[in-house]
Amino acid sequence: MGKVAAFGPPPPANGRKLLETSASKAASKGKVPRRHRLLQGLLHQRSSSRPQDLNVYARTIQSWADRTETYDMMDENIAEIGGDLLEIDEASDLVTPVPALPTVAEGLATSLCALGVTHALGVCGGAQALLWAAFSKHLDVLHFRHESGAAFAAAEAYFTSGRPVVAFTTTGPGITNALTGMLAARSEGAKVILVSAYASAPQRGRGGIQETSGYTMPTTGLFEAGAWFDDALVLETPEQLPQALRRIAAGLRRPGGYVAHLSIPNAVQGALLTQPLPRLMARDASPGVSAVSRPGVNRTAVARCVELLANEPFAIWAGFGAREAAPALLELAERANAPVMCSPRAKGIFPEQHPLFVGVTGMGGHTAAAVAYMREHAPRRVLVLGTRLGEPTSFWNPGLVPEGGFVHVDIDPAVPGVAYPHAETFAVQADVGDFLAELLAAWPAAQAKPAPSLPRPHPEHPMAAGPGRVRPDALMSAIQRTIVDRTDAVVLAESGNAFTWATHYLRFAQPGRYRVSTNLGSMGHAGTGVLGSALGRAGKAVAIVGDGAMLMNMEVNTAAKQQLPVLWIVLNDGRYNMCYQGMAALDMADVADACFPPTDFAMLARAMGAEGVRVENEDGLEAGLAQALAATGPFVLDVLIDADRIAPTNGRNEGLRPARTIKRQEGLSFPVIAL
Ligand SMILES: Cc1ncc(C[n+]2csc(CCOP(=O)(O)OP(=O)(O)O)c2C)c(N)n1
Ligand SMILES: [Mg+2]
């Protein structure tokens, strides 16, 4: 018994014809039925065999059929060729086609499917034709206009769907284009598998089109695990695929993010698998189900946390890593009357309207309110849950370090203590949800400390429509009323003034409603990632973006093709305004030009197959938003905003001042940010 594998598209008509002619010739010459059936068996393979192979088989068989004297030899030879293709039952003389083993591309596509992937987002190219075809058969493939947009969208689709997502590219520029989005996926903690094409071994170094190899591109980092990817591999033979899949399954099972790169030479994409692939299932890649997914919670550490926290007032500082633990976080805060502050990415994990909410720290947040709380209420310790306390969250502000230091819980043991190396830190490695469950179980029933009275951190929204262009704060107020409070749409805010206005003004009451990338903070992330958000939740997603970012990476045409329910709200000010205002704050606005010609985004949207409306003043805001929300497909709301209204960057520009002008605090190796 032998096997033959499937290989790409069905054979061309001439291959099929030859086979059919051979079969009928053999039959007409009165050959034994077994041979006829062998030929029919080969015919059965036609939909799954490589065209060139079929042609060879067909010609060989035809020549045998024409020469009856080679009849006995034919038996042997057919067995030799057909033995690979067919199962022959000697007793009954029955011949059946062996189920074909797939190609690498096919095997990869079906395995990714089995691991829970449903979507592949990318841009096509000749070198990944077989991958593209295989993905198209087994996954929902969405073509983007730029690979980075595809990768940003893949990351965001992960966050709204909880499923790993494939990003795919061709060789060379396809891979390099995807890198920013992949870096964002990694820094955000998404699960994205990049599948790309690589030059076939015999062609490397010979000047191939878009050659992708060590001769033309850096291999370190791109095709090896490191700072770009958790796992990266060039698949040199089909035999490596099972191992690669096992690695991917293990990576997907990890708590937190996982970003892999599998690059496949085109000869290997079409190569037949020589053994069946391991049978994978979505649960092999699910951190929720797998026994090895998360470290357990150390009870001794929990007991120590109770000692450190329960006897004196403490505050909680929640990050994105706490997003699946919102109910437990609320319970702990309310049982202990512990005030809660959060990182920008954690908005909504603790309800922002709650009386115990101190404010958002960091980029665009309410750092002044948080520092005032720390000064006036002087909690003994701060329980940090799932944030690395990096610059976008803390600005490394010493005013946020409590007297007794941090109790810092993170799934990543490398996180605690790093942002504030001088602060006393009790580190606990655990999933935040698992930790809180144990902590609540061990929490003393004794009377909680009285709840402090805290001012509301969010500024009042301007209600009355002002004259002239739209004030960004008035826009946020309208977005709050029409989108945040009245729909369940996911809102993404783009790097630029957009994310400072949104983080500062919008108020969320649930996790999963607000997305912002603050660490990598790449322009283009929200404006293109929003397609993934909509795709992943099969519902409305809204991106608040600057005009500069919108011009940098635009996927309106992609959304139009798919009729995705995406709404872009463009802060149209004809400037890289965050940079403009930043330079002005540093007294350098007159030496550096951050302006660009005005753009009509409503017209641009219509030109690309989406709907578009321009709002020129605050009177038109509500109607514009209502129209935008009513749209079932992509919609661009082009809002002419007042560019001179200073965005709430909150200390960021101070951090950029030349070092000599910044106060230094003894014992700290970083500049103190003035508030
Ligand atoms: C890829 C990338 N390049 C450059 C930057 C630096 N940067 C941050 S905000 C900004 C200007 C954003 O302009 P725009 O999108 O128009 O938003 P605005 O601040 O004007 O609202 C720039 C250039 C960045 N964050 N990402
Ligand atoms: Mg702008």
# chains A, B, ... in the order shown; residues from 1 in each chain; ligands from 1
$ residues_near_ligand --ligand "ligand 2" --cutoff "7 Å" --atoms "only C-alpha atoms and all ligand atoms" --output "ChimeraX atom specification"
/A:546-548,571-577
$ residues_near_ligand --ligand "ligand 1" --cutoff "10 Å" --atoms "only C-alpha atoms and all ligand atoms" --output "compact mmCIF listing (two decimals) with N, CA and C atoms, in the first residue's frame"
# COMPACT_ATOMS: atom_id res chain seq x y z
N THR A 180 6.21 46.54 11.17
CA THR A 180 5.72 47.45 12.20
C THR A 180 4.46 46.89 12.87
N GLY A 181 3.59 46.37 12.04
CA GLY A 181 2.36 45.79 12.59
C GLY A 181 2.66 44.59 13.47
N PRO A 472 -11.78 69.63 20.01
CA PRO A 472 -11.65 68.18 20.19
C PRO A 472 -12.33 67.68 21.46
N GLU A 494 -5.99 56.61 18.11
CA GLU A 494 -4.72 56.56 17.38
C GLU A 494 -3.62 57.34 18.08
N SER A 495 -2.41 56.91 17.86
CA SER A 495 -1.25 57.65 18.32
C SER A 495 -1.28 59.05 17.71
N GLY A 496 -1.08 60.05 18.56
CA GLY A 496 -1.24 61.44 18.13
C GLY A 496 -2.12 62.12 19.17
N ASN A 497 -2.59 63.31 18.86
CA ASN A 497 -3.46 63.96 19.83
C ASN A 497 -4.74 63.17 20.07
N ALA A 498 -5.15 62.36 19.08
CA ALA A 498 -6.39 61.59 19.23
C ALA A 498 -6.38 60.77 20.51
N PHE A 499 -5.27 60.06 20.77
CA PHE A 499 -5.32 59.19 21.96
C PHE A 499 -5.21 59.97 23.26
N THR A 500 -4.67 61.17 23.22
CA THR A 500 -4.65 61.93 24.47
C THR A 500 -6.05 62.49 24.76
N TRP A 501 -6.72 63.02 23.73
CA TRP A 501 -8.08 63.52 23.94
C TRP A 501 -8.99 62.38 24.40
N SER A 517 -2.76 51.87 21.63
CA SER A 517 -1.39 51.34 21.71
C SER A 517 -0.50 52.46 22.21
N THR A 518 0.03 52.28 23.39
CA THR A 518 0.85 53.35 23.96
C THR A 518 2.33 53.00 23.96
N ASN A 519 2.65 51.71 24.00
CA ASN A 519 4.07 51.34 24.08
C ASN A 519 4.77 51.59 22.76
N LEU A 520 4.34 50.88 21.73
CA LEU A 520 4.93 51.13 20.41
C LEU A 520 4.33 52.41 19.84
N GLY A 521 3.06 52.60 20.05
CA GLY A 521 2.38 53.84 19.66
C GLY A 521 2.59 54.20 18.21
N SER A 522 2.41 53.24 17.33
CA SER A 522 2.63 53.53 15.91
C SER A 522 1.40 54.19 15.31
N MET A 523 1.63 55.31 14.61
CA MET A 523 0.55 55.87 13.80
C MET A 523 0.14 54.80 12.80
N GLY A 524 -1.13 54.73 12.53
CA GLY A 524 -1.63 53.72 11.60
C GLY A 524 -2.20 52.51 12.30
N HIS A 525 -1.86 52.33 13.57
CA HIS A 525 -2.32 51.13 14.28
C HIS A 525 -3.85 51.13 14.42
N GLY A 527 -6.08 53.19 12.98
CA GLY A 527 -6.79 53.44 11.72
C GLY A 527 -6.92 52.20 10.85
N ILE A 544 -10.69 56.67 16.32
CA ILE A 544 -10.53 58.12 16.40
C ILE A 544 -9.08 58.37 15.98
N VAL A 545 -8.91 59.02 14.83
CA VAL A 545 -7.57 59.12 14.24
C VAL A 545 -7.23 60.54 13.81
N GLY A 546 -5.94 60.84 13.83
CA GLY A 546 -5.48 62.11 13.28
C GLY A 546 -5.42 62.03 11.76
N ASP A 547 -5.40 63.20 11.12
CA ASP A 547 -5.34 63.20 9.66
C ASP A 547 -4.00 62.67 9.16
N GLY A 548 -2.93 62.97 9.90
CA GLY A 548 -1.61 62.49 9.49
C GLY A 548 -1.56 60.97 9.50
N ALA A 549 -2.10 60.38 10.55
CA ALA A 549 -2.10 58.92 10.66
C ALA A 549 -2.98 58.31 9.58
N MET A 550 -4.09 58.96 9.32
CA MET A 550 -5.03 58.45 8.30
C MET A 550 -4.35 58.44 6.92
N LEU A 551 -3.51 59.45 6.70
CA LEU A 551 -2.82 59.49 5.41
C LEU A 551 -1.65 58.52 5.37
N MET A 552 -1.16 58.15 6.54
CA MET A 552 -0.01 57.24 6.59
C MET A 552 -0.39 55.82 6.20
N ASN A 553 -1.46 55.31 6.78
CA ASN A 553 -1.90 53.93 6.51
C ASN A 553 -3.40 53.94 6.34
N VAL A 570 -12.09 61.35 11.92
CA VAL A 570 -10.77 61.94 11.63
C VAL A 570 -10.67 63.33 12.25
N LEU A 571 -9.66 63.52 13.06
CA LEU A 571 -9.37 64.85 13.60
C LEU A 571 -8.56 65.60 12.54
N ASN A 572 -9.28 66.34 11.74
CA ASN A 572 -8.66 66.97 10.56
C ASN A 572 -8.14 68.35 10.94
N ASP A 573 -6.82 68.46 11.08
CA ASP A 573 -6.23 69.76 11.46
C ASP A 573 -5.06 70.15 10.56
N GLY A 574 -4.77 69.35 9.53
CA GLY A 574 -3.69 69.71 8.60
C GLY A 574 -2.32 69.78 9.25
N ARG A 575 -2.17 69.06 10.33
CA ARG A 575 -0.89 69.09 11.05
C ARG A 575 -0.59 67.73 11.66
N TYR A 576 0.70 67.51 11.86
CA TYR A 576 1.10 66.51 12.83
C TYR A 576 1.02 67.25 14.16
N ASN A 577 -0.20 67.34 14.69
CA ASN A 577 -0.43 68.33 15.74
C ASN A 577 0.22 67.96 17.06
N MET A 578 0.29 66.68 17.35
CA MET A 578 0.98 66.31 18.60
C MET A 578 2.42 66.82 18.54
N CYS A 579 3.05 66.68 17.38
CA CYS A 579 4.43 67.14 17.23
C CYS A 579 4.47 68.68 17.21
N TYR A 580 3.49 69.26 16.52
CA TYR A 580 3.42 70.72 16.44
C TYR A 580 3.29 71.32 17.84
N GLN A 581 2.32 70.80 18.59
CA GLN A 581 2.10 71.34 19.94
C GLN A 581 3.26 71.00 20.86
N GLY A 582 3.85 69.83 20.63
CA GLY A 582 5.02 69.45 21.44
C GLY A 582 6.19 70.38 21.19
N ALA A 594 5.46 71.33 10.95
CA ALA A 594 4.69 70.08 11.12
C ALA A 594 3.36 70.13 10.37
N CYS A 595 3.23 71.05 9.41
CA CYS A 595 1.93 71.21 8.73
C CYS A 595 1.95 70.53 7.35
N PHE A 596 0.77 70.16 6.90
CA PHE A 596 0.64 69.62 5.54
C PHE A 596 -0.66 70.12 4.92
N ILE A 641 -11.20 70.19 13.00
CA ILE A 641 -11.07 70.52 14.42
C ILE A 641 -10.23 71.78 14.64
N ALA A 643 -7.29 73.34 15.72
CA ALA A 643 -5.94 72.79 15.88
C ALA A 643 -5.19 73.43 17.05
N ALA A 647 -3.80 69.75 23.50
CA ALA A 647 -4.19 68.39 23.89
C ALA A 647 -3.61 68.04 25.26
$ closest_atom_pairs --of "range 367-437 of chain A" --to "range 248-270 of chain A" --cutoff "9 Å" --atoms "only C-alpha atoms" --output "Markdown table"
| residue | atom | partner | partner_atom | distance |
| --- | --- | --- | --- | --- |
| A:Ile411 | CA | A:Pro255 | CA | 7.5 |
| A:Asp412 | CA | A:Gly256 | CA | 8.6 |
| A:Asp431 | CA | A:Pro255 | CA | 8.0 |
$ atom_distance --atom1 "CA of Ser533 in chain A" --atom2 "CA of Thr169 in chain A"
20.3 Å
$ closest_residue --among "A:Leu436, A:Ala155, A:Val360, A:Ala310" --to "Arg507 in chain A" --atoms "only C-alpha atoms"
A:Val360
$ residues_around --residues "range 296-307 of chain A" --least-positions-apart "2" --cutoff "6 Å" --atoms "only C-alpha atoms" --output "VMD selection string"
chain A and resid 309 to 310 430 439
$ closest_residue --among "A:Ala338, A:Leu272, A:Val613, A:Ala109" --to "Val382 in chain A" --atoms "only C-alpha atoms"
A:Ala338
$ atom_distance --atom1 "CA of Thr649 in chain A" --atom2 "CA of Ser343 in chain A"
14.1 Å
$ residues_around --residues "Pro379 in chain A" --least-positions-apart "3" --cutoff "12 Å" --atoms "only C-alpha atoms" --output "number ranges by chain"
A: 308-317, 337-340, 370-376, 382-383, 399-406, 449, 452
